[in-house]
Every structure is written in C-alpha cells, then in structure tokens.
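Printed here is run_4.csv (CSV, C-alpha atoms):
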```
chain,number,residue,atom,x,y,z
A,1,MET,CA,105.5,102.3,118.3
A,2,ASN,CA,102.3,101.8,116.4
A,3,SER,CA,98.8,103.1,117.4
A,4,TYR,CA,97.0,99.8,117.0
A,5,PRO,CA,95.4,98.0,119.9
A,6,GLN,CA,97.4,95.2,121.5
A,7,TRP,CA,94.9,92.6,120.3
A,8,TRP,CA,96.0,93.3,116.7
A,9,ASN,CA,98.6,90.6,117.1
A,10,GLN,CA,97.8,88.1,114.3
A,11,THR,CA,99.8,87.2,111.2
A,12,VAL,CA,97.8,86.7,108.1
A,13,THR,CA,98.6,85.4,104.6
A,14,ILE,CA,96.8,87.0,101.6
A,15,TYR,CA,96.4,85.2,98.3
A,16,ASN,CA,95.5,87.6,95.5
A,17,ARG,CA,93.8,85.9,92.5
A,18,ILE,CA,95.3,86.9,89.1
A,19,GLU,CA,93.7,86.0,85.8
A,20,ASP,CA,95.8,86.5,82.6
A,21,PRO,CA,93.6,88.5,80.2
A,22,GLN,CA,94.8,86.6,77.1
A,23,THR,CA,95.0,83.0,78.3
A,24,LYS,CA,92.4,83.2,81.1
A,25,ARG,CA,94.8,81.1,83.2
A,26,ILE,CA,94.6,81.8,86.9
A,27,ARG,CA,97.5,82.1,89.4
A,28,TRP,CA,97.8,83.3,93.0
A,29,HIS,CA,100.1,85.9,94.6
A,30,ARG,CA,101.0,85.4,98.3
A,31,THR,CA,101.7,88.2,100.8
A,32,VAL,CA,102.3,87.8,104.6
A,33,LEU,CA,101.3,90.6,106.9
A,34,HIS,CA,101.8,91.0,110.7
A,35,GLU,CA,100.0,92.8,113.5
A,36,CYS,CA,96.5,92.2,112.1
A,37,PHE,CA,93.2,91.7,113.9
A,38,TRP,CA,91.3,88.4,113.3
A,39,ARG,CA,87.9,87.6,114.7
A,40,TYR,CA,85.0,85.2,114.0
A,41,THR,CA,81.5,86.6,114.5
A,42,GLU,CA,78.0,85.8,113.7
A,43,ALA,CA,75.8,87.8,111.3
A,44,LYS,CA,72.1,87.7,110.7
A,45,PHE,CA,70.6,88.2,107.2
A,46,VAL,CA,67.0,88.3,106.1
A,47,VAL,CA,66.4,86.3,102.9
A,48,ASN,CA,62.8,86.3,101.6
A,49,GLY,CA,61.5,87.0,105.1
A,50,THR,CA,63.6,84.3,106.7
A,51,VAL,CA,66.3,85.1,109.2
A,52,VAL,CA,69.5,83.3,108.4
A,53,ASN,CA,72.5,83.1,110.7
A,54,ALA,CA,76.0,83.0,109.1
A,55,ASN,CA,79.5,82.8,110.4
A,56,VAL,CA,81.6,85.8,109.3
A,57,THR,CA,85.4,86.3,109.5
A,58,VAL,CA,86.5,89.8,110.2
A,59,CYS,CA,90.1,90.8,109.5
A,60,ARG,CA,91.6,94.3,110.0
A,61,ILE,CA,94.9,95.0,108.4
A,62,PRO,CA,96.9,98.1,109.5
A,63,LYS,CA,97.6,100.7,106.8
A,64,GLN,CA,100.6,99.5,104.7
A,65,ASP,CA,102.9,101.3,102.3
A,66,ASN,CA,102.8,98.4,99.9
A,67,TYR,CA,99.0,98.3,99.5
A,68,LEU,CA,97.5,99.3,96.2
A,69,GLU,CA,93.9,99.5,95.1
A,70,ARG,CA,93.1,96.6,92.7
A,71,TYR,CA,93.1,98.6,89.5
A,72,LEU,CA,96.6,100.1,90.3
A,73,TRP,CA,97.9,96.7,91.4
A,74,GLU,CA,96.8,95.1,88.1
A,75,GLN,CA,98.6,97.9,86.1
A,76,LEU,CA,101.9,96.6,87.5
A,77,GLY,CA,101.7,93.5,85.4
A,78,ASP,CA,104.4,91.0,86.5
A,79,ASP,CA,106.1,93.5,88.8
A,80,ILE,CA,103.7,92.8,91.8
A,81,SER,CA,106.2,91.0,94.1
A,82,ASN,CA,106.5,94.0,96.5
A,83,TYR,CA,102.8,94.9,96.6
A,84,PHE,CA,99.4,93.4,97.6
A,85,THR,CA,95.8,94.3,97.2
A,86,LEU,CA,92.5,93.2,98.7
A,87,SER,CA,89.4,92.4,96.6
A,88,ILE,CA,86.4,90.2,96.5
A,89,GLY,CA,87.4,86.7,95.5
A,90,ASP,CA,90.9,86.9,97.1
A,91,MET,CA,91.6,84.6,100.1
A,92,ILE,CA,93.1,85.4,103.5
A,93,VAL,CA,94.4,82.9,106.0
A,94,LYS,CA,95.0,83.3,109.7
A,95,GLY,CA,98.7,82.7,110.2
A,96,GLU,CA,101.7,82.4,107.9
A,97,VAL,CA,101.4,79.7,105.3
A,98,GLY,CA,103.5,79.0,102.2
A,99,ASP,CA,101.3,76.8,100.1
A,100,GLU,CA,101.3,77.2,96.4
A,101,ILE,CA,97.9,77.2,94.8
A,102,ASP,CA,97.6,75.7,91.3
A,103,GLU,CA,94.1,75.7,89.8
A,104,TYR,CA,95.2,73.0,87.3
A,105,THR,CA,96.5,70.4,89.7
A,106,SER,CA,94.2,68.2,91.8
A,107,GLY,CA,94.7,68.7,95.5
A,108,LYS,CA,96.3,72.1,95.0
A,109,ARG,CA,93.3,74.1,93.7
A,110,SER,CA,91.9,77.1,95.6
A,111,THR,CA,88.9,75.0,96.7
A,112,ASP,CA,91.3,72.5,98.2
A,113,PHE,CA,93.2,75.3,99.9
A,114,LEU,CA,90.1,76.8,101.4
A,115,THR,CA,88.9,73.5,102.7
A,116,LYS,CA,92.3,72.6,104.3
A,117,TYR,CA,92.8,75.9,106.1
A,118,LYS,CA,89.2,76.4,107.2
A,119,LYS,CA,89.6,73.2,109.1
A,120,LEU,CA,93.1,73.8,110.4
A,121,GLN,CA,93.3,77.5,111.5
A,122,GLY,CA,91.0,79.8,109.7
A,123,CYS,CA,90.7,80.9,106.1
A,124,THR,CA,88.1,82.9,104.2
A,125,LEU,CA,87.2,83.9,100.7
A,126,ILE,CA,86.9,87.7,100.8
A,127,SER,CA,83.4,88.9,100.3
A,128,SER,CA,83.9,92.6,101.2
A,129,VAL,CA,86.7,95.1,101.6
A,130,SER,CA,86.6,98.6,103.1
A,131,ASP,CA,89.5,101.1,103.0
A,132,ASN,CA,89.4,102.8,106.4
A,133,THR,CA,92.6,104.8,105.8
A,134,ASP,CA,91.2,108.2,105.1
A,135,GLY,CA,92.3,111.1,107.3
A,136,GLY,CA,91.1,111.7,110.8
A,137,ARG,CA,90.7,108.1,111.8
A,138,GLY,CA,92.6,106.4,114.6
A,139,ALA,CA,94.1,103.0,113.7
A,140,GLU,CA,93.8,103.4,110.0
A,141,HIS,CA,93.2,100.0,108.4
A,142,TYR,CA,91.7,97.9,105.7
A,143,LEU,CA,88.6,95.9,106.8
A,144,VAL,CA,88.1,92.6,105.2
A,145,LYS,CA,85.1,90.3,105.7
A,146,GLY,CA,84.4,86.8,104.5
A,147,ASN,CA,82.5,83.7,105.3
```
I need this file expressed as structure tokens, please.
Amino acid sequence: MNSYPQWWNQTVTIYNRIEDPQTKRIRWHRTVLHECFWRYTEAKFVVNGTVVNANVTVCRIPKQDNYLERYLWEQLGDDISNYFTLSIGDMIVKGEVGDEIDEYTSGKRSTDFLTKYKKLQGCTLISSVSDNTDGGRGAEHYLVKGN
C-alpha cells in the first residue's frame, strides 16, 4: 500500500536526452512509470511589465529506487537501461508510448514527437525539476513542470 493520493493514477513515459560527448550525436532513453500525477494549469508571468498567461503541465512522480540525479546517471555510460533521471530538456508524455526518437530522421525528431503527443494526449518539454524526496515529507516525489 502506498501513501500517495488516489488521483496519482496516471502512467507517464519519460524520454531522457543523451548527447555523446565525442560525436555530439543525440539519442533518447525511454522509461515508463506508473501511479503519477498529471495536471494542466495556467501560470501568469510578468515580462517587461506585461502579464503573460501560459499553460503549464505539472507532473508528480512518486519516489523511485531507480531514479538517479543527472550527474550520477550520466556516469553510468551505456548501462542506463535500469535507471532514469529528470532534467531540463528531457520530455515527458502522459500515458505509455513506445515511439523511438531519431533526431536524424525526418518525422521522428524530438520536435515531431512533441507536436504529435501534445495534440494526442499531452506531452511537455521539461522546464523545471524539484526533488521533493527529503525526509519528513509525506508523499515523497519528483515535481516536474513544462509548457
């Protein structure tokens, strides 16, 4: 039995962006997670004195044993298959999807992927991540936001 609210009932798919330091080639690592929270909300920002409304996606992911901070995850090299991370520039989709992203093939690039899933079911490019798993918190989780 978990201690998470009943509305944490969504499955999400995370795509971690990986850039090879030598070749600069980009690839994506996919991880599916269950019992997450997903919500769309509106945020207001002030830009040069003008109030701007923006749609924001909020995703809360329960604390996971296979989560690593980005710098630790990158140290694994090619042995990342059992782990995931969350960082700015990664993508997260509402639901389980199996698409392969290939930045070098037309129609399969990350921009194509974002466009497709924003229209279908919800997808966001991660713009902020907070690790809310420190002691004393109820429902320890990772908070991800994107727009």
Next item on the list: Please provide as number ranges by chain all residues within 9 Å of A:Tyr67, with the sequence filter that same-chain residues fewer than 3 positions apart are discarded (counting all atoms listed in the file).
Entry: A: 63-64, 73, 83-86
For stretch 11-128 of chain A against stretch 136-145 of chain A, with a cut-off of 6 Å and counting all atoms listed in the file, what is the closest atom pair and its distance in Å to one decimal for every residue that makes the cut, ordered by chain and number, as CSV?
```
residue,atom,partner,partner_atom,distance
A:Thr57,CA,A:Lys145,CA,5.5
A:Val58,CA,A:Lys145,CA,4.7
A:Cys59,CA,A:Val144,CA,5.1
A:Arg60,CA,A:Leu143,CA,4.7
A:Ile61,CA,A:Tyr142,CA,5.1
A:Pro62,CA,A:His141,CA,4.3
A:Lys63,CA,A:His141,CA,4.7
A:Ile126,CA,A:Lys145,CA,5.8
A:Ser127,CA,A:Lys145,CA,5.8
A:Ser128,CA,A:Lys145,CA,5.2
```
Next item on the list: Tell me which of A:Val93, A:Val12, A:Ile26, A:Val32 sits closest to A:Thr115, counting all atoms listed in the file.
Entry: A:Val93
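Counting all atoms listed in the file and comparing A:Gly107, A:Asp90, A:Val97, A:Tyr117, the residue that lies closest to A:Glu19 is A:Asp90.
Using only C-alpha atoms, the smallest distance between any of A:Asp131, A:Tyr104, A:Leu114, A:Gly122 and A:Gly89 comes from A:Leu114.
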Considering all atoms listed in the file, give me a table of residues in stretch 63-100 of chain A that are at most 9 Å from stretch 4-11 of chain A, with the closest atom pair and distance in Å for each, as JSON lines.
```
{"residue": "A:Val93", "atom": "CA", "partner": "A:Thr11", "partner_atom": "CA", "distance": 8.6}
{"residue": "A:Lys94", "atom": "CA", "partner": "A:Thr11", "partner_atom": "CA", "distance": 6.4}
{"residue": "A:Gly95", "atom": "CA", "partner": "A:Thr11", "partner_atom": "CA", "distance": 4.7}
{"residue": "A:Glu96", "atom": "CA", "partner": "A:Thr11", "partner_atom": "CA", "distance": 6.1}
```
Store the residues picked out above, limited to C-alpha atoms, as a PDB file, in the frame of the given file.
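Saved result, part-v5.pdb, follows:
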```
ATOM      1  CA  VAL A  93      94.400  82.900 106.000  1.00  0.00           C
ATOM      2  CA  LYS A  94      95.000  83.300 109.700  1.00  0.00           C
ATOM      3  CA  GLY A  95      98.700  82.700 110.200  1.00  0.00           C
ATOM      4  CA  GLU A  96     101.700  82.400 107.900  1.00  0.00           C
TER       5      GLU A  96
END
```
Item checked: Selection: 7 Å around A:Arg27, only C-alpha atoms, excl. self and same-chain fewer than 6 positions, as a ChimeraX atom specification -> /A:17-19,102
Take the residues that were just selected and, keeping C-alpha atoms, output them as a CSV table (one decimal), in the coordinates of the input.
```csv
chain,number,residue,atom,x,y,z
A,17,ARG,CA,93.8,85.9,92.5
A,18,ILE,CA,95.3,86.9,89.1
A,19,GLU,CA,93.7,86.0,85.8
A,102,ASP,CA,97.6,75.7,91.3
```
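Among the candidate residues A:Glu100, A:Asp112, A:Glu69, A:Asp134, the one lying nearest to A:Thr13 is A:Glu100, with distances computed using all atoms listed in the file.
With only C-alpha atoms as the atoms that count, the minimum distance from A:Asp20 to the choices A:Gly135, A:Gly77, A:Gly146, A:Arg39 is reached by A:Gly77.
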Next item on the list: Tell me, in Å to one decimal, how far atom CA of A:Ile92 is from atom CA of A:Phe45.
Entry: 23.0 Å
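Note that the spacing between atom CA of A:Arg70 and atom CA of A:Glu42 amounts to 28.0 Å.
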Checklist line | Point-to-point distance from atom CA of A:Glu103 to atom CA of A:Val129, Å rounded to tenths | finding: 23.9 Å
As an mmCIF file, in the coordinates of the input, please: stretch 22-43 of chain A completed to N, CA, C and O atoms.
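Result file is rebuild.cif:
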```
data_model
loop_
_atom_site.group_PDB
_atom_site.id
_atom_site.type_symbol
_atom_site.label_atom_id
_atom_site.label_comp_id
_atom_site.auth_asym_id
_atom_site.auth_seq_id
_atom_site.Cartn_x
_atom_site.Cartn_y
_atom_site.Cartn_z
ATOM 1 N N GLN A 22 94.733 87.340 78.399
ATOM 2 C CA GLN A 22 94.800 86.600 77.100
ATOM 3 C C GLN A 22 94.480 85.145 77.247
ATOM 4 O O GLN A 22 93.648 84.615 76.532
ATOM 5 N N THR A 23 95.166 84.488 78.157
ATOM 6 C CA THR A 23 95.000 83.000 78.300
ATOM 7 C C THR A 23 93.924 82.592 79.204
ATOM 8 O O THR A 23 93.526 81.434 79.184
ATOM 9 N N LYS A 24 93.459 83.517 80.066
ATOM 10 C CA LYS A 24 92.400 83.200 81.100
ATOM 11 C C LYS A 24 92.947 82.262 82.157
ATOM 12 O O LYS A 24 92.187 81.755 82.956
ATOM 13 N N ARG A 25 94.248 82.006 82.184
ATOM 14 C CA ARG A 25 94.800 81.100 83.200
ATOM 15 C C ARG A 25 94.887 81.911 84.540
ATOM 16 O O ARG A 25 95.168 83.102 84.566
ATOM 17 N N ILE A 26 94.652 81.197 85.615
ATOM 18 C CA ILE A 26 94.600 81.800 86.900
ATOM 19 C C ILE A 26 95.851 81.407 87.720
ATOM 20 O O ILE A 26 96.298 80.259 87.682
ATOM 21 N N ARG A 27 96.407 82.376 88.435
ATOM 22 C CA ARG A 27 97.500 82.100 89.400
ATOM 23 C C ARG A 27 97.235 82.944 90.620
ATOM 24 O O ARG A 27 96.362 83.805 90.639
ATOM 25 N N TRP A 28 97.989 82.673 91.684
ATOM 26 C CA TRP A 28 97.800 83.300 93.000
ATOM 27 C C TRP A 28 99.075 83.952 93.467
ATOM 28 O O TRP A 28 100.138 83.336 93.387
ATOM 29 N N HIS A 29 98.978 85.171 93.998
ATOM 30 C CA HIS A 29 100.100 85.900 94.600
ATOM 31 C C HIS A 29 99.974 85.933 96.076
ATOM 32 O O HIS A 29 98.933 86.339 96.602
ATOM 33 N N ARG A 30 101.007 85.524 96.793
ATOM 34 C CA ARG A 30 101.000 85.400 98.300
ATOM 35 C C ARG A 30 101.707 86.554 98.931
ATOM 36 O O ARG A 30 102.808 86.925 98.532
ATOM 37 N N THR A 31 101.100 87.114 100.002
ATOM 38 C CA THR A 31 101.700 88.200 100.800
ATOM 39 C C THR A 31 101.438 87.854 102.290
ATOM 40 O O THR A 31 100.306 87.547 102.656
ATOM 41 N N VAL A 32 102.459 87.960 103.132
ATOM 42 C CA VAL A 32 102.300 87.800 104.600
ATOM 43 C C VAL A 32 102.362 89.116 105.266
ATOM 44 O O VAL A 32 103.254 89.923 104.985
ATOM 45 N N LEU A 33 101.396 89.356 106.162
ATOM 46 C CA LEU A 33 101.300 90.600 106.900
ATOM 47 C C LEU A 33 101.219 90.323 108.401
ATOM 48 O O LEU A 33 100.613 89.323 108.805
ATOM 49 N N HIS A 34 101.783 91.215 109.202
ATOM 50 C CA HIS A 34 101.800 91.000 110.700
ATOM 51 C C HIS A 34 101.003 92.123 111.354
ATOM 52 O O HIS A 34 100.660 93.138 110.761
ATOM 53 N N GLU A 35 100.728 91.883 112.638
ATOM 54 C CA GLU A 35 100.000 92.800 113.500
ATOM 55 C C GLU A 35 98.625 93.162 112.997
ATOM 56 O O GLU A 35 98.203 94.315 112.969
ATOM 57 N N CYS A 36 97.900 92.111 112.607
ATOM 58 C CA CYS A 36 96.500 92.200 112.100
ATOM 59 C C CYS A 36 95.547 91.775 113.191
ATOM 60 O O CYS A 36 95.929 91.127 114.154
ATOM 61 N N PHE A 37 94.292 92.093 112.987
ATOM 62 C CA PHE A 37 93.200 91.700 113.900
ATOM 63 C C PHE A 37 92.408 90.598 113.155
ATOM 64 O O PHE A 37 92.110 90.730 111.972
ATOM 65 N N TRP A 38 92.038 89.524 113.875
ATOM 66 C CA TRP A 38 91.300 88.400 113.300
ATOM 67 C C TRP A 38 90.185 88.024 114.280
ATOM 68 O O TRP A 38 90.472 87.832 115.467
ATOM 69 N N ARG A 39 88.952 87.923 113.803
ATOM 70 C CA ARG A 39 87.900 87.600 114.700
ATOM 71 C C ARG A 39 86.771 86.824 113.912
ATOM 72 O O ARG A 39 86.490 87.162 112.767
ATOM 73 N N TYR A 40 86.159 85.861 114.568
ATOM 74 C CA TYR A 40 85.000 85.200 114.000
ATOM 75 C C TYR A 40 83.772 85.774 114.718
ATOM 76 O O TYR A 40 83.782 85.978 115.930
ATOM 77 N N THR A 41 82.733 86.028 113.953
ATOM 78 C CA THR A 41 81.500 86.600 114.500
ATOM 79 C C THR A 41 80.327 85.986 113.791
ATOM 80 O O THR A 41 80.478 85.322 112.762
ATOM 81 N N GLU A 42 79.164 86.247 114.299
ATOM 82 C CA GLU A 42 78.000 85.800 113.700
ATOM 83 C C GLU A 42 77.182 86.950 113.115
ATOM 84 O O GLU A 42 77.111 88.001 113.748
ATOM 85 N N ALA A 43 76.618 86.771 111.945
ATOM 86 C CA ALA A 43 75.800 87.800 111.300
ATOM 87 C C ALA A 43 74.429 87.235 111.023
ATOM 88 O O ALA A 43 74.304 86.031 110.783
#
```
